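Working notes, beginning with the structure itself.
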Amino acid sequence: MALQSARRTVGSFRTPTHSSLLLLLLSLSWVLPSRAQTADGGWGVMTPWQEHTFQNLSGQPPELTVILRRAPRGTENKTCPLGKEVHVVDENLFFYENWELEACVNGALLAEQMDRVNAVPFTYQQLDILKHKLDQFYPQGYPESLIRNLSYFFLEVTPEDIHKWNVTSLETVKSLLKVSKGQNMDPQVAALIARYLVGGGQLDNVTLDMLARFHPAYLCSLSPEELGFLQQDVVWGVRPQDLEACRPLQMDVLYHKARVAFQNMSGSMYFVRIKPFLGAASTEDLRALIPQNVSMDMATFKKLRKEALLPLTIAEVQNLLGPNLEGLKAEEGNSPVWDWVVRQRQNDLDSLGLGLRGGIPNGYVVLDLNSREALSGGPHLLGPGPVFIMIPPLLLASILHGTGCSGC
């Protein structure tokens, strides 16, 4: 038979029936001394916030963990048994069968009495049922009046749930961050911050300090100004995927923090740390990496800013990539590699032995359209980048102009 567990104190069982049941369980030695033993025995687990709720029920810290046997029954649609109708959320619901909870509890009652829901140490299975009832009642997402009262029930929601919410209160955000601490809620926290900011909310320094306790999956949700208030230590836990949604101005702030945070490191240790942020590096910063004998992978190389990559010489790119240089061939048709290739002389590209094509052929000169001198005295040409012009036609035109031949 399925076993479920819940932690209770003797004082929290307020009726003689409950007290007798507890004494019976104690006499049968159905008491676990610790949560670790529950996990090892595979008998079921307690809800994450149970240890926070007992003082609400009894005024004393938890002392016992009780294992209750329940008959294996499904939660198919059934009629609520006579006398089991639920008009108030209290500890009696803990003794309902799962199918009885499904049949007898409605979402409106749960939303109205969420504070009572958090005061009862429901099992995970029971909480799943209660959440299902709430989701049925609010298919478009929870209203803010409910969100602000979720407290530890927030640990049951998913990022997908949160993306349906409309969160406008900073105090609500702070309360949910408080209950999320130490609960492996990083995706939910990132979604919560995103929903709050998308509605025009702003974070204060207290909230930013609270966010420092979580994995920084929320970084790209913050404005450059808000990122500036974060402690530099935040960059130590950043993963590449945490920065995928960041815009250039956000990356500028984070790259500066990373450079300061990792400034006492060098060589491969520094490169490993700074690599996720190199999308905001300047040409000078990239050149500074070369003497440290780094071997930049092609995935990082492709994320470099084009304006930072283009001034690098063939020798500099060769030293920057090291043994990963051959990856240029596979990317020669894609930006920013293509933008770099077309600015190099073909003879120099050939010296790499990679078969790169698209460089400047011999006998061509380059006019930089970004240069004021190149544009003066003639029409402004559209499009960035150099223009390649063959020397012989230029010389011929010059000779003809000098001889005054107009009909040649």
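Ordering of the structure tokens sets the chain letters (A, B, ...), residue numbers begin anew at 1 in every chain, and ligands are numbered from 1 in the order given.
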
Check: Can you list, as an NGL selection string, every protein, DNA or RNA residue that comes within 9 Å of Lys133 in chain A when you count only C-alpha atoms, leaving out same-chain residues fewer than 3 positions away?
Finding: :A and (102 or 105-108 or 110 or 128-130 or 136-138)

Next item on the list: Looking only at helix (DSSP H, G or I) from DSSP on the backbone, list the matching residues of range 73-267 of chain A as an NGL selection string.
Entry: :A and (91-95 or 98-104 or 107-112 or 114-117 or 124-137 or 144-147 or 151-156 or 159-162 or 170-180 or 186-198 or 205-211 or 219-221 or 224-229 or 232-237 or 240-243 or 248-261 or 267)

Check: Counting only C-alpha atoms, which of A:Gln346, A:Tyr218, A:Phe229, A:Ala191 gets nearest to Val206 in chain A?
Finding: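 Selected residue with least distance to Val206 in chain A: A:Phe229.
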
Next item on the list: For Glu100 in chain A, work out the shell of residues within 9 Å, counting only C-alpha atoms and skipping chain neighbours fewer than 4 positions away, then give it as number ranges by chain.
Entry: A: 75, 78-81, 84, 96, 104-105

Next item on the list: Using only C-alpha atoms, find the one residue out of A:Ser151, A:Gln232, A:Ser223, A:Asn92 that sits nearest to Met114 in chain A.
Entry: A:Ser151

Next item on the list: Would you mind listing what lies within 6 Å of range 336-345 of chain A as a PyMOL selection string, with only C-alpha atoms counted and same-chain residues fewer than 6 positions away left out?
Entry: chain A and resi 306+310+358-360

Using only C-alpha atoms, what table do you get, as JSON lines, when you list each residue of range 211-259 of chain A with an atom no more than 12 Å from range 264-270 of chain A, its nearest pair of atoms, and their distance in Å rounded to one decimal, rows by chain then rising number?
```
{"residue": "A:Trp236", "atom": "CA", "partner": "A:Tyr270", "partner_atom": "CA", "distance": 11.7}
{"residue": "A:Ala258", "atom": "CA", "partner": "A:Tyr270", "partner_atom": "CA", "distance": 10.0}
{"residue": "A:Arg259", "atom": "CA", "partner": "A:Tyr270", "partner_atom": "CA", "distance": 9.2}
```

Would you save the residues from that selection as a PDB file, in the first residue's frame, using C-alpha atoms?
```pdb
ATOM      1  CA  TRP A 236      30.924  33.966 -10.396  1.00  0.00           C
ATOM      2  CA  ALA A 258      33.427  40.214 -14.706  1.00  0.00           C
ATOM      3  CA  ARG A 259      36.725  41.879 -15.578  1.00  0.00           C
TER       4      ARG A 259
END
```

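The environment of Pro159 in chain A within 8 Å, counting only C-alpha atoms and disregarding residues fewer than 4 places along the same chain, consists of His163, Pro187, Gln188, Ala191 and Leu192 of chain A.
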
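CA of Met296 in chain A lies 8.9 Å from CA of Leu325 in chain A.
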